[in-house]
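For reference, coords-v7.cif (mmCIF, C-alpha atoms):
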data_input
#
loop_
_atom_site.label_atom_id
_atom_site.label_comp_id
_atom_site.auth_asym_id
_atom_site.auth_seq_id
_atom_site.Cartn_x
_atom_site.Cartn_y
_atom_site.Cartn_z
CA MET S 1 16.44 51.51 -4.00
CA LEU S 2 18.83 48.53 -4.11
CA PRO S 3 20.88 47.63 -1.05
CA GLN S 4 24.35 49.16 -1.37
CA THR S 5 26.10 45.81 -1.85
CA LEU S 6 23.79 44.98 -4.75
CA SER S 7 23.76 48.37 -6.43
CA ILE S 8 27.56 48.48 -6.58
CA GLY S 9 28.06 44.97 -7.93
CA VAL S 10 31.22 43.93 -9.77
CA LYS S 11 32.17 45.35 -13.16
CA VAL S 12 33.57 43.04 -15.83
CA ARG S 13 34.65 43.61 -19.40
CA ASP S 14 32.24 45.54 -21.63
CA MET S 15 31.14 47.35 -18.44
CA ALA S 16 28.71 44.60 -17.43
CA ILE S 17 27.75 44.67 -13.75
CA VAL S 18 27.47 41.34 -11.91
CA ARG S 19 25.39 41.06 -8.73
CA MET S 20 22.53 39.32 -6.98
CA LEU S 21 19.10 39.94 -8.51
CA VAL S 22 16.23 41.51 -6.59
CA ASN S 23 12.54 40.64 -6.84
CA ASP S 24 11.35 42.68 -9.84
CA GLU S 25 14.38 41.63 -11.88
CA MET S 26 13.34 37.97 -11.76
CA LYS S 27 10.85 38.72 -14.56
CA GLU S 28 13.83 39.48 -16.80
CA ALA S 29 15.46 36.23 -15.65
CA ILE S 30 12.31 34.32 -16.60
CA ARG S 31 12.28 35.87 -20.08
CA LEU S 32 15.95 35.05 -20.67
CA SER S 33 15.57 31.50 -19.33
CA ASP S 34 12.44 30.80 -21.39
CA ALA S 35 14.09 32.14 -24.54
CA THR S 36 17.08 29.87 -23.92
CA PHE S 37 15.48 26.65 -22.73
CA ARG S 38 11.78 26.57 -23.75
CA ASP S 39 9.86 25.93 -26.96
CA ALA S 40 6.15 26.17 -27.82
CA GLU S 41 5.39 22.77 -26.23
CA GLN S 42 6.82 23.66 -22.85
CA PRO S 43 5.43 25.85 -20.08
CA SER S 44 7.33 28.86 -18.76
CA MET S 45 10.04 28.17 -16.22
CA ALA S 46 8.29 30.68 -13.95
CA GLY S 47 5.91 27.93 -12.85
CA THR S 48 8.08 24.83 -13.24
CA PHE S 49 11.00 26.15 -11.16
CA PRO S 50 9.19 27.96 -8.32
CA PHE S 51 12.13 27.82 -5.90
CA ILE S 52 14.09 29.99 -8.34
CA PHE S 53 11.43 32.24 -9.87
CA SER S 54 8.36 32.40 -7.61
CA ASP S 55 7.52 35.78 -6.10
CA SER S 56 7.38 34.05 -2.70
CA ALA S 57 10.82 32.42 -3.05
CA LEU S 58 13.96 33.72 -1.37
CA HIS S 59 15.83 35.07 -4.39
CA VAL S 60 19.56 34.39 -4.11
CA SER S 61 20.28 34.11 -7.83
CA PHE S 62 22.97 36.10 -9.64
CA GLY S 63 23.22 37.80 -13.01
CA ALA S 64 25.07 40.27 -15.18
CA PHE S 65 23.57 43.53 -16.45
CA LYS S 66 24.74 45.56 -19.43
CA ASP S 67 23.14 48.93 -20.12
CA GLY S 68 20.51 48.00 -17.53
CA GLU S 69 19.51 44.77 -19.30
CA LEU S 70 20.02 41.29 -17.85
CA VAL S 71 22.41 39.44 -20.20
CA SER S 72 23.48 36.47 -18.05
CA PHE S 73 21.71 34.55 -15.26
CA MET S 74 22.37 31.74 -12.78
CA GLY S 75 19.56 30.38 -10.61
CA LEU S 76 20.53 29.33 -7.10
CA VAL S 77 18.48 27.32 -4.57
CA PRO S 78 19.50 26.25 -1.01
CA TRP S 79 18.76 22.78 0.38
CA ILE S 80 19.47 20.65 3.41
CA ILE S 81 20.48 17.10 2.47
CA ARG S 82 20.27 14.42 5.16
CA ILE S 83 22.84 11.63 5.29
CA GLY S 84 21.72 9.71 8.35
CA GLU S 85 22.00 12.17 11.24
CA ALA S 86 24.24 14.51 9.23
CA ARG S 87 22.74 17.65 7.68
CA LEU S 88 24.63 19.02 4.69
CA ARG S 89 24.11 22.60 3.54
CA VAL S 90 23.93 22.39 -0.24
CA PHE S 91 23.09 24.79 -3.07
CA SER S 92 21.82 23.81 -6.52
CA LEU S 93 22.75 25.87 -9.58
CA GLY S 94 20.56 25.79 -12.68
CA SER S 95 18.84 27.79 -15.42
CA VAL S 96 22.30 29.05 -16.40
CA CYS S 97 21.97 31.18 -19.52
CA THR S 98 23.61 34.07 -21.35
CA HIS S 99 22.15 36.17 -24.13
CA PRO S 100 23.75 35.20 -27.50
CA ASP S 101 25.16 38.73 -27.95
CA ALA S 102 26.98 38.53 -24.61
CA ARG S 103 28.58 35.08 -24.95
CA GLY S 104 32.30 34.44 -25.22
CA ARG S 105 33.26 37.49 -23.15
CA GLY S 106 33.90 35.90 -19.75
CA ILE S 107 30.71 37.30 -18.24
CA ALA S 108 29.31 33.92 -17.10
CA SER S 109 32.65 33.09 -15.47
CA GLU S 110 32.43 36.27 -13.43
CA VAL S 111 28.86 35.50 -12.38
CA LEU S 112 29.98 32.02 -11.30
CA ARG S 113 32.86 33.51 -9.30
CA LEU S 114 30.39 35.59 -7.29
CA VAL S 115 28.15 32.55 -6.83
CA TYR S 116 31.07 30.62 -5.31
CA GLY S 117 31.80 33.46 -2.93
CA TYR S 118 28.18 33.75 -1.84
CA ILE S 119 27.62 30.07 -1.11
CA ARG S 120 30.82 29.96 0.92
CA ARG S 121 29.63 32.94 3.01
CA ALA S 122 26.27 31.21 3.47
CA GLY S 123 27.99 28.22 5.09
CA ALA S 124 27.29 25.67 2.34
CA SER S 125 29.75 22.84 1.82
CA LEU S 126 28.61 21.59 -1.62
CA LEU S 127 27.29 22.97 -4.89
CA LEU S 128 25.23 20.83 -7.28
CA VAL S 129 25.32 21.99 -10.90
CA SER S 130 22.90 20.82 -13.58
CA GLY S 131 25.58 20.90 -16.27
CA TYR S 132 28.93 19.56 -17.48
CA ARG S 133 30.36 22.57 -19.35
CA THR S 134 34.01 23.60 -18.99
CA LEU S 135 32.63 26.73 -17.32
CA TYR S 136 32.10 24.44 -14.31
CA THR S 137 34.69 21.67 -14.66
CA ARG S 138 37.64 24.05 -14.94
CA THR S 139 36.70 25.46 -11.52
CA GLY S 140 36.49 22.14 -9.66
CA CYS S 141 33.07 20.73 -10.55
CA ALA S 142 33.17 17.02 -11.37
CA PRO S 143 30.79 14.15 -12.23
CA PHE S 144 29.85 12.12 -9.18
CA GLY S 145 27.90 9.25 -7.69
CA ARG S 146 26.88 5.93 -9.12
CA ILE S 147 23.41 5.30 -10.49
CA ARG S 148 22.16 2.04 -11.97
CA ARG S 149 19.46 2.81 -14.53
CA TYR S 150 17.04 -0.09 -14.94
CA THR S 151 14.91 -0.30 -18.07
CA ILE S 152 11.51 -1.95 -17.70
CA ASP S 153 9.30 -2.49 -20.74
CA GLU S 154 5.85 -4.08 -20.86
CA LEU S 155 7.23 -7.56 -21.50
CA THR S 156 9.70 -7.26 -18.61
CA ALA S 157 6.93 -6.02 -16.33
CA GLU S 158 4.51 -8.83 -17.21
CA SER S 159 7.18 -11.51 -16.81
CA PHE S 160 8.44 -10.11 -13.52
CA PRO S 161 7.96 -12.59 -10.63
CA GLY S 162 4.70 -11.82 -8.86
CA PHE S 163 3.81 -9.10 -11.39
CA GLU S 164 0.22 -8.84 -10.15
CA GLY S 165 1.43 -8.40 -6.57
CA SER S 166 -0.50 -9.10 -3.40
CA ALA S 167 -4.27 -8.67 -3.35
CA SER S 168 -3.89 -6.80 -0.05
CA LEU S 169 -1.59 -4.20 -1.64
CA LYS S 170 -3.69 -1.50 -3.28
CA VAL S 171 -2.14 0.62 -6.05
CA ARG S 172 -3.86 3.88 -6.95
CA GLU S 173 -3.12 7.41 -8.09
CA MET S 174 -2.37 10.06 -5.51
CA GLU S 175 -5.13 12.19 -4.03
CA PRO S 176 -4.51 15.62 -2.44
CA ALA S 177 -5.30 14.17 1.01
CA ASP S 178 -2.27 11.86 0.66
CA ILE S 179 0.29 14.65 0.95
CA TYR S 180 1.02 14.13 4.67
CA ALA S 181 1.46 10.39 4.16
CA LEU S 182 3.75 11.00 1.19
CA ASN S 183 5.86 13.45 3.17
CA GLU S 184 6.18 11.03 6.09
CA THR S 185 7.17 8.24 3.69
CA ALA S 186 9.75 10.45 1.98
CA SER S 187 11.12 11.60 5.35
CA SER S 188 11.65 7.99 6.46
CA ARG S 189 14.58 7.66 4.05
CA SER S 190 17.94 7.98 5.77
CA VAL S 191 19.44 9.64 2.66
CA ARG S 192 17.24 12.42 1.31
CA TYR S 193 16.55 16.05 0.61
CA GLU S 194 14.92 17.51 3.71
CA LEU S 195 11.51 18.74 2.48
CA GLY S 196 8.48 20.05 4.31
CA VAL S 197 4.94 19.09 3.35
CA GLY S 198 4.43 22.28 1.36
CA GLU S 199 7.77 21.97 -0.42
CA LEU S 200 7.02 18.39 -1.49
CA ALA S 201 3.57 19.39 -2.75
CA SER S 202 5.03 22.33 -4.69
CA LEU S 203 7.66 20.19 -6.36
CA ILE S 204 5.14 17.53 -7.37
CA LYS S 205 2.95 20.22 -8.92
CA ALA S 206 5.83 22.14 -10.56
CA GLU S 207 7.13 19.29 -12.78
CA ALA S 208 10.58 20.88 -13.11
CA LEU S 209 12.65 18.17 -14.81
CA ALA S 210 9.55 16.56 -16.36
CA SER S 211 8.78 19.81 -18.17
CA CYS S 212 12.35 19.92 -19.52
CA MET S 213 11.87 16.42 -20.95
CA LYS S 214 8.33 17.13 -22.24
CA MET S 215 6.67 14.90 -19.67
CA LYS S 216 3.90 15.16 -17.08
CA HIS S 217 3.89 13.89 -13.50
CA ARG S 218 1.72 10.97 -12.49
CA VAL S 219 1.96 9.90 -8.85
CA LEU S 220 1.18 6.36 -7.72
CA VAL S 221 0.58 5.33 -4.11
CA ALA S 222 0.80 1.85 -2.55
CA GLU S 223 -1.59 1.16 0.31
CA TYR S 224 -1.49 -1.80 2.66
CA GLY S 225 -4.33 -2.10 5.16
CA GLY S 226 -5.30 1.51 4.53
CA THR S 227 -1.78 2.81 5.24
CA VAL S 228 0.47 4.33 2.57
CA THR S 229 3.61 2.21 2.38
CA ALA S 230 5.24 3.66 -0.75
CA PHE S 231 4.84 6.19 -3.53
CA THR S 232 6.49 7.01 -6.82
CA VAL S 233 6.46 10.01 -9.14
CA ILE S 234 6.49 8.98 -12.80
CA GLY S 235 7.40 11.23 -15.71
CA VAL S 236 4.99 10.23 -18.51
CA PRO S 237 6.16 11.54 -21.91
CA PHE S 238 4.00 13.47 -24.37
CA ASP S 239 5.36 11.19 -27.11
CA PRO S 240 4.11 7.59 -26.59
CA GLU S 241 7.20 6.25 -28.38
CA ARG S 242 9.51 7.54 -25.67
CA HIS S 243 10.29 5.92 -22.32
CA GLY S 244 8.95 7.35 -19.08
CA ILE S 245 11.17 7.84 -16.06
CA VAL S 246 10.89 7.38 -12.29
CA LEU S 247 11.59 10.82 -10.83
CA GLU S 248 11.02 10.08 -7.15
CA GLN S 249 10.25 7.06 -4.99
CA ALA S 250 10.14 6.24 -1.31
CA GLY S 251 8.85 3.57 1.02
CA ASP S 252 8.91 -0.20 1.24
CA PRO S 253 11.21 -1.45 -1.57
CA GLU S 254 8.90 -4.32 -2.59
CA ALA S 255 5.94 -1.92 -2.80
CA VAL S 256 8.04 0.56 -4.83
CA VAL S 257 8.81 -2.16 -7.37
CA ARG S 258 5.10 -3.03 -7.58
CA LEU S 259 4.32 0.61 -8.30
CA ILE S 260 6.95 0.72 -11.06
CA LEU S 261 5.60 -2.41 -12.72
CA ASN S 262 2.04 -1.14 -12.43
CA ALA S 263 2.99 2.22 -13.99
CA VAL S 264 4.20 0.60 -17.22
CA LYS S 265 0.80 -0.93 -17.92
CA ARG S 266 -1.39 1.75 -16.32
CA PHE S 267 0.12 4.60 -18.36
CA GLY S 268 0.68 2.60 -21.54
CA LEU S 269 4.42 3.21 -21.48
CA LYS S 270 6.71 1.77 -24.12
CA GLY S 271 9.29 1.55 -21.36
CA LEU S 272 10.17 3.01 -17.98
CA ASP S 273 13.65 4.03 -16.84
CA PHE S 274 14.30 3.64 -13.13
CA PRO S 275 17.52 5.30 -11.84
CA VAL S 276 18.59 3.87 -8.48
CA PRO S 277 21.59 5.24 -6.49
CA TRP S 278 24.20 2.69 -5.44
CA HIS S 279 23.26 2.75 -1.75
CA GLU S 280 19.64 1.59 -2.35
CA THR S 281 20.72 -2.03 -1.97
CA GLU S 282 17.27 -3.52 -1.34
CA LEU S 283 15.91 -2.09 -4.57
CA HIS S 284 18.94 -3.37 -6.47
CA SER S 285 18.40 -6.87 -5.10
CA ARG S 286 14.73 -6.87 -6.16
CA LEU S 287 15.63 -5.68 -9.66
CA ALA S 288 18.44 -8.19 -10.22
CA GLY S 289 18.31 -9.52 -13.76
CA VAL S 290 16.52 -6.46 -15.20
CA THR S 291 18.39 -4.75 -18.05
CA SER S 292 20.44 -1.90 -16.64
CA SER S 293 23.41 0.39 -17.15
CA VAL S 294 25.66 2.36 -14.79
CA GLU S 295 25.97 6.14 -14.95
CA ASP S 296 26.74 9.19 -12.80
CA HIS S 297 24.24 11.55 -11.25
CA LEU S 298 22.95 14.12 -13.72
CA GLY S 299 25.24 17.15 -13.62
CA THR S 300 28.32 17.80 -11.51
CA ILE S 301 29.24 18.63 -7.92
CA ARG S 302 31.77 21.01 -6.37
CA ILE S 303 33.24 20.76 -2.90
CA VAL S 304 32.98 24.35 -1.69
CA ASP S 305 34.70 23.96 1.68
CA GLY S 306 36.41 20.68 2.59
CA GLU S 307 36.69 21.22 6.34
CA LEU S 308 33.09 22.42 6.51
CA LEU S 309 31.95 19.37 4.56
CA LEU S 310 33.71 17.07 7.03
CA ALA S 311 32.18 18.99 9.96
CA GLN S 312 28.67 18.72 8.50
CA LEU S 313 29.24 15.02 7.74
CA ARG S 314 30.63 14.31 11.22
CA PRO S 315 27.52 12.59 12.69
CA TRP S 316 27.46 10.16 9.78
CA LEU S 317 31.24 9.64 9.78
CA ASP S 318 31.26 9.01 13.54
CA GLN S 319 28.62 6.36 13.11
CA LYS S 320 30.82 4.66 10.52
CA ASN S 321 34.05 4.89 12.50
CA SER S 322 34.39 7.52 15.21
CA GLY S 323 38.10 6.81 15.71
CA ALA S 324 39.02 7.36 12.07
CA SER S 325 36.65 10.26 11.40
CA GLY S 326 38.29 12.48 13.99
CA THR S 327 41.73 12.19 12.39
CA ILE S 328 40.92 13.32 8.83
CA GLY S 329 41.12 16.80 7.34
CA LEU S 330 40.50 18.21 3.88
CA GLU S 331 42.34 21.27 2.65
CA GLN S 332 42.12 22.90 -0.78
CA LYS S 333 45.36 24.15 -2.30
CA ASP S 334 45.82 27.27 -4.40
CA ASP S 335 45.72 25.30 -7.66
CA GLY S 336 42.30 23.84 -6.80
CA SER S 337 43.56 20.37 -5.87
CA TRP S 338 42.99 18.83 -2.44
CA LEU S 339 45.15 17.62 0.40
CA LEU S 340 43.48 14.82 2.32
CA LYS S 341 45.05 14.50 5.74
CA ALA S 342 44.71 11.43 7.95
CA GLY S 343 46.81 11.57 11.11
CA GLN S 344 50.41 12.09 10.02
CA ASN S 345 49.66 11.13 6.41
CA GLY S 346 48.70 13.43 3.54
CA LEU S 347 47.41 12.52 0.09
CA ALA S 348 47.22 14.98 -2.83
CA LEU S 349 44.16 14.51 -5.06
CA THR S 350 42.65 16.38 -7.99
CA SER S 351 39.07 17.65 -7.72
CA LYS S 352 37.87 14.73 -9.81
CA GLU S 353 39.76 12.19 -7.66
CA MET S 354 38.51 13.79 -4.45
CA THR S 355 34.93 13.70 -5.68
CA ARG S 356 35.26 10.07 -6.73
CA LEU S 357 36.68 9.11 -3.34
CA LEU S 358 33.90 10.84 -1.40
CA PHE S 359 30.82 9.90 -3.41
CA ASP S 360 31.51 7.11 -5.91
CA CYS S 361 31.08 3.41 -5.33
CA ALA S 362 34.22 1.90 -6.86
CA SER S 363 34.22 -0.82 -9.51
CA ALA S 364 36.88 -2.86 -11.27
CA GLU S 365 36.51 -0.59 -14.31
CA ASP S 366 36.67 2.61 -12.24
CA PRO S 367 38.67 2.00 -9.05
CA LYS S 368 39.24 4.40 -6.19
CA PRO S 369 42.27 6.73 -6.37
CA GLU S 370 45.49 4.95 -5.46
CA GLY S 371 46.46 5.11 -1.80
CA THR S 372 42.97 5.65 -0.36
CA ALA S 373 42.11 2.09 0.70
CA PHE S 374 42.61 3.03 4.37
CA LEU S 375 39.50 5.24 4.13
CA LYS S 376 37.16 2.51 2.91
CA GLU S 377 35.33 2.41 6.26
CA LEU S 378 34.29 6.06 5.85
CA PHE S 379 33.74 6.54 2.14
CA PRO S 380 31.90 6.66 -0.18
CA VAL S 381 29.14 8.86 1.22
CA PRO S 382 25.64 7.94 -0.07
CA PHE S 383 23.77 10.74 -1.83
CA PRO S 384 20.11 11.18 -2.81
CA TYR S 385 19.07 11.15 -6.44
CA THR S 386 19.61 14.67 -7.79
CA ALA S 387 17.66 14.46 -11.07
CA GLY S 388 14.19 14.03 -9.61
CA LEU S 389 11.76 16.42 -7.96
CA THR S 390 14.59 18.61 -6.65
CA TYR S 391 16.27 19.13 -10.03
CA ILE S 392 17.28 22.76 -10.59
#

Can you dump the structure from the file as structure tokens?
Amino acid sequence: MLPQTLSIGVKVRDMAIVRMLVNDEMKEAIRLSDATFRDAEQPSMAGTFPFIFSDSALHVSFGAFKDGELVSFMGLVPWIIRIGEARLRVFSLGSVCTHPDARGRGIASEVLRLVYGYIRRAGASLLLVSGYRTLYTRTGCAPFGRIRRYTIDELTAESFPGFEGSASLKVREMEPADIYALNETASSRSVRYELGVGELASLIKAEALASCMKMKHRVLVAEYGGTVTAFTVIGVPFDPERHGIVLEQAGDPEAVVRLILNAVKRFGLKGLDFPVPWHETELHSRLAGVTSSVEDHLGTIRIVDGELLLAQLRPWLDQKNSGASGTIGLEQKDDGSWLLKAGQNGLALTSKEMTRLLFDCASAEDPKPEGTAFLKELFPVPFPYTAGLTYI
């Protein structure tokens, strides 16, 4: 029998019932997701997105049922994201799909409304969404972050200064016994998803985003004096004419670059795309001169609770400027816009402007919202790469 809160659910038009799914119903979610997102070349999402679909996962996903059949689904996964000493409670939303016969009836919007309510009750401050649809943007989700995507082909790799690297730096493929060293290396980053050893191993094996792009994971490790100093997870495409992509990296920046250069030749890649968030300044300096372009993180973000976000960010904000951090407040108005309060001053911002202020590194082409220069000591907040191992 379902718990009372789940069995009641919320009725929407056409008598669909929207509620959280329970264990046995995840098989229906897998079938709907596979029918929507997979073809004959791709494995089932049951294995590639274990934190949504695995029998051992905590299922907090939502869906809509009509005549007892699942017609709409939204996969939800909780994370802790570390920004220095700050620990942000964040959910990721993905595998969003609706049966063709149930589209255009407002059902997905009702599912999303319940998702927003749930993540607020859970104490999360942010929602990451792997999409850009108006379904999300009209409710406050917005593009965010700044990524510089470097493109390294074989010629670029071979002409790179010190391409062969140091003889004392050993590059090899990962072995199962490396998992502790990889986890310690990943955990040394000040900006990161907080992952345990088992979680990291599961994500490497699952190949979530790689499977969406018809790629396979290959993991390279850099060793210096018998100690792992860096690693990188490479998405190697099925089609040799396509570029590979760096899905995860951590460790000494110089060693990371050596791994990237080595991967191009080792895996016979036509090219390798390397997305680097704006705050990874040492990597940017080592890749200066390499062809690149600037883009946002993949997907969108929604500020769920402004005051809670500031509270969870407080350790990081205090490190930046303890005097200023204690005077700011963030309040959402009824129309979805934000009021940023600093002392006696208040500044009204749209969701897009608020997101840009908090997370985006400004440029001449895309400046910060007018009137926010006084907050430059606190913002932007660095954010880990969202389209890697933790993609949902």

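Applied to the file shown here, the PyMOL selection byres ((chain S and resi 21) around 8) selects the residues Leu6, Arg19, Met20, Val22, Asn23, Glu25, Met26, His59, Val60, Ser61, Phe62 and Gly63 of chain S.
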
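Nearest to His99 (chain S) of all the residues S:Glu85, S:Glu254, S:Glu28, S:Asp318 is S:Glu28, counting all atoms listed in the file.
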
Ala324 (chain S) environment, 9 Å, only C-alpha atoms, sequence neighbours closer than 5 positions dropped, as an MDAnalysis selection string | chainID S and resid 317:318 342:343 375 377:378

So which residues touch His284 (chain S) within 12 Å, counting all atoms listed in the file, skipping near sequence neighbours fewer than 3 positions away, as a ChimeraX atom specification?
-> /S:147-150,253-254,256-257,274-281,287-292

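For the set S:Arg286, S:Arg242, S:Lys333, S:Arg172, the residue with the smallest atom-to-atom gap to Arg266 (chain S) is S:Arg172, counting only C-alpha atoms.
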
Residues in the PyMOL selection byres ((chain S and resi 185-187) around 8), expressed as a PyMOL selection string = chain S and resi 181-184+188-190+192+194-195+228-231+249-251

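Among the candidate residues S:Tyr391, S:Phe144, S:Tyr116, S:Phe53, the one lying nearest to Asp24 (chain S) is S:Phe53, with distances computed using only C-alpha atoms.
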
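Note that the spacing between CA of Gly235 (chain S) and CA of Met45 (chain S) amounts to 17.2 Å.
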